[in-house]
Amino acid sequence: MAETKKNGRWFMAAMATLLMVCLGTVYAWSYFQTPIMKAYGWNNTQVSLIFSFAILFLGVSAAFGGVWLPRIGPRKMAAAGSVLFGLGYALAGLALSIKSLPLLYIGYGVIGGTGIGLGYVTPVATIAKWFPDKKGLATGMVIMGFGFGSLVMSKILAPVLLNWTGGNLVAVFLALAVFFFVVTLAASLSFKNPPAGWSPTGIDKKAAKAPAQASKSPAEAFKEARSEIFSVRFLLVWIMFFCNITAGIAIVAFQSPLFQDLWHKTDPSLAAEVLAGLGATLIAVTSLFNGFGRFFWGAVSDKAGRIKTFRILLGSELVVFAALILSGSPWVFAVLLCWVLLCYGGGFGTMPATISELFGQSKMTVIYGVVLTAWAAGGVVGPQITAFLKDKVPEKASTLSLIVGACFVAVGFLVSLLIRPAAAPSAKPAAVKPAKPPRG
């Protein structure tokens, strides 16, 4: 059976990308950081903790999602994530209406973050099965969608809704809850696994006749991958990934306030509305690099190799962080930050193929889910360091945050040097013709 509209793998890839764009709006949290602080009197640490909780539970739920996905299936998993994601925004709106910071942590952070994690892990694993011939292109496109989410939020959804509601944050979050619930649920219902023996050119008759393998229980799936998860190689990959994420997300979470601070120092006469507009523009521009980096570095890794690509992007980031520390210009900050986000996104774009090559395709779903706990840890450590610095030493926060970021990148680069790349497949030896038995 050749690919038909019934299969709809490209439609499924488009829906997966749409889902990821919606989930990726979490990266625009810095757009709301300052307005929420001003409206409710909370400090940087308190408000940034909402974002940190979201990333923490994103990573943890993605790990569990990777284990449960083979049993539950992509449609149910993505639908559950969509419902929780929309519910997170609804509870955030309720929390703002009653001025409850704990409910914000639970709603947007715990519940919404869990929804993002379940939704994130599903499209990557599912689309990879539908595109064995174009795995890099298809998964790169899907993961790239997550990076573009902050552009959609900062330049389209949030400004339109703020203007429509007269700046009412409660109404904005409730409207986003309805919008995301409808869009993400509709996208998730298109997901399904390919039939047994399916390939882009048709059905392999031998594979189709073979009995379908029973879906593994979560315990069985984890047991199969356990030795790799507790290996030194996995630990090194986890630390490398964690360092790249922590350095990048510490800036992602506060890029708008940091950028506005630099502009205020350069030109104190700029109005708050102008500064907010500059911050939103930076989020939009860097989101393009965050998204494109997932595709770009994934393509580079196809040629250069996965671990070598991590070494290149981490090494270049270290140079860029050093330049950021030495420069106080907002323009230089914006340009160099684009490269940081390109490399930050590149880590996510390269990691699925890295896990597949180092640990095997059959264990990829489980191990990829577990490695995303590095995202959970980085989402707490990075933003909280920056928030602490902005609250305690606001005049030096930008410089100190960049120094911390550079240290994490340096550690990640050194760790990458310890990881042995996957061995290249050896050439298949030519078949030896058996000697004829002697006559007689």
# chains A, B, ... in the order shown; residues from 1 in each chain; ligands from 1
>>> residues_around(residues="Tyr40 (chain A)", least_positions_apart="4", cutoff="12 Å", atoms="only C-alpha atoms", output="mmCIF file with C-alpha atoms, in the first residue's frame")
data_model
loop_
_atom_site.group_PDB
_atom_site.id
_atom_site.type_symbol
_atom_site.label_atom_id
_atom_site.label_comp_id
_atom_site.auth_asym_id
_atom_site.auth_seq_id
_atom_site.Cartn_x
_atom_site.Cartn_y
_atom_site.Cartn_z
ATOM 1 C CA PHE A 32 4.784 38.188 31.361
ATOM 2 C CA GLN A 33 7.517 38.364 34.016
ATOM 3 C CA THR A 34 7.596 42.148 34.466
ATOM 4 C CA PRO A 35 3.819 42.821 34.029
ATOM 5 C CA ILE A 36 2.957 40.204 36.674
ATOM 6 C CA ASN A 44 11.796 38.124 40.368
ATOM 7 C CA GLN A 46 8.735 34.379 43.086
ATOM 8 C CA VAL A 47 7.521 34.928 39.527
ATOM 9 C CA ALA A 95 -4.816 32.186 40.396
ATOM 10 C CA LEU A 96 -4.257 35.711 39.088
ATOM 11 C CA SER A 97 -7.904 36.611 39.756
ATOM 12 C CA ILE A 98 -7.565 35.659 43.439
ATOM 13 C CA LYS A 99 -3.894 36.748 43.679
ATOM 14 C CA SER A 100 -2.705 33.289 44.690
ATOM 15 C CA LEU A 101 0.948 32.598 43.953
ATOM 16 C CA LEU A 169 -3.956 39.481 32.613
ATOM 17 C CA VAL A 170 -6.704 37.266 34.021
#
>>> select_by_dssp(residues="region 116-239 of chain A", states="helix (DSSP H, G or I)", output="VMD selection string")
chain A and resid 116 to 130 135 to 165 169 to 188 205 to 209 218 to 229 232 to 239
>>> residues_around(residues="Ala186 (chain A)", least_positions_apart="3", cutoff="12 Å", atoms="only C-alpha atoms", output="list in words")
Met12, Met15, Ala16, Leu18, Leu19, Cys22, Arg75, Ala78, Ala79, Ala80, Ser82, Val83, Phe179, Phe180, Phe181, Val182, Val183, Leu189, Ser190 and Phe191 of chain A
>>> write_last_selection(atoms="N, CA and C atoms", output="compact mmCIF listing (two decimals), in the first residue's frame")
# COMPACT_ATOMS: atom_id res chain seq x y z
N MET A 12 0.12 14.59 9.48
CA MET A 12 0.44 14.31 10.88
C MET A 12 1.66 15.11 11.34
N MET A 15 0.52 18.62 11.96
CA MET A 15 -0.22 18.71 13.22
C MET A 15 0.73 18.61 14.42
N ALA A 16 1.75 17.77 14.27
CA ALA A 16 2.75 17.65 15.34
C ALA A 16 3.50 18.97 15.52
N LEU A 18 2.31 21.96 14.75
CA LEU A 18 1.36 22.90 15.36
C LEU A 18 1.26 22.69 16.86
N LEU A 19 1.20 21.42 17.28
CA LEU A 19 1.16 21.13 18.71
C LEU A 19 2.40 21.67 19.41
N CYS A 22 2.39 25.45 19.97
CA CYS A 22 1.56 25.82 21.12
C CYS A 22 2.29 25.55 22.43
N ARG A 75 -1.91 8.90 20.47
CA ARG A 75 -3.11 9.74 20.49
C ARG A 75 -3.56 10.05 21.92
N ALA A 78 -0.85 12.30 23.78
CA ALA A 78 -0.86 13.70 23.36
C ALA A 78 -2.15 14.39 23.80
N ALA A 79 -3.28 13.66 23.76
CA ALA A 79 -4.55 14.25 24.19
C ALA A 79 -4.52 14.58 25.68
N ALA A 80 -3.95 13.68 26.48
CA ALA A 80 -3.83 13.95 27.92
C ALA A 80 -2.97 15.18 28.16
N SER A 82 -2.54 17.67 26.12
CA SER A 82 -3.28 18.85 25.65
C SER A 82 -4.27 19.34 26.69
N VAL A 83 -4.99 18.40 27.29
CA VAL A 83 -5.98 18.76 28.32
C VAL A 83 -5.29 19.42 29.51
N PHE A 179 -8.12 28.71 23.82
CA PHE A 179 -7.47 28.59 22.51
C PHE A 179 -6.57 27.36 22.45
N PHE A 180 -5.70 27.20 23.45
CA PHE A 180 -4.76 26.09 23.44
C PHE A 180 -5.46 24.75 23.62
N PHE A 181 -6.51 24.72 24.43
CA PHE A 181 -7.24 23.46 24.62
C PHE A 181 -7.80 22.97 23.29
N VAL A 182 -8.42 23.86 22.54
CA VAL A 182 -9.05 23.48 21.27
C VAL A 182 -7.99 23.07 20.23
N VAL A 183 -6.96 23.91 20.06
CA VAL A 183 -5.97 23.68 19.01
C VAL A 183 -5.12 22.44 19.29
N LEU A 189 -5.32 14.52 18.18
CA LEU A 189 -6.21 13.44 17.73
C LEU A 189 -5.81 12.89 16.36
N SER A 190 -4.88 13.55 15.67
CA SER A 190 -4.43 13.06 14.36
C SER A 190 -3.31 12.02 14.49
N PHE A 191 -2.75 11.84 15.69
CA PHE A 191 -1.59 10.97 15.86
C PHE A 191 -1.98 9.49 15.88
>>> residues_around(residues="region 349-360 of chain A", least_positions_apart="6", cutoff="7 Å", atoms="only C-alpha atoms", output="NGL selection string")
:A and (140 or 143 or 228 or 294-295 or 297-298 or 301 or 306 or 368 or 422)
>>> closest_residue(among="A:Val335, A:Leu69, A:Ile127, A:Leu324", to="Phe222 (chain A)", atoms="only C-alpha atoms")
A:Leu69
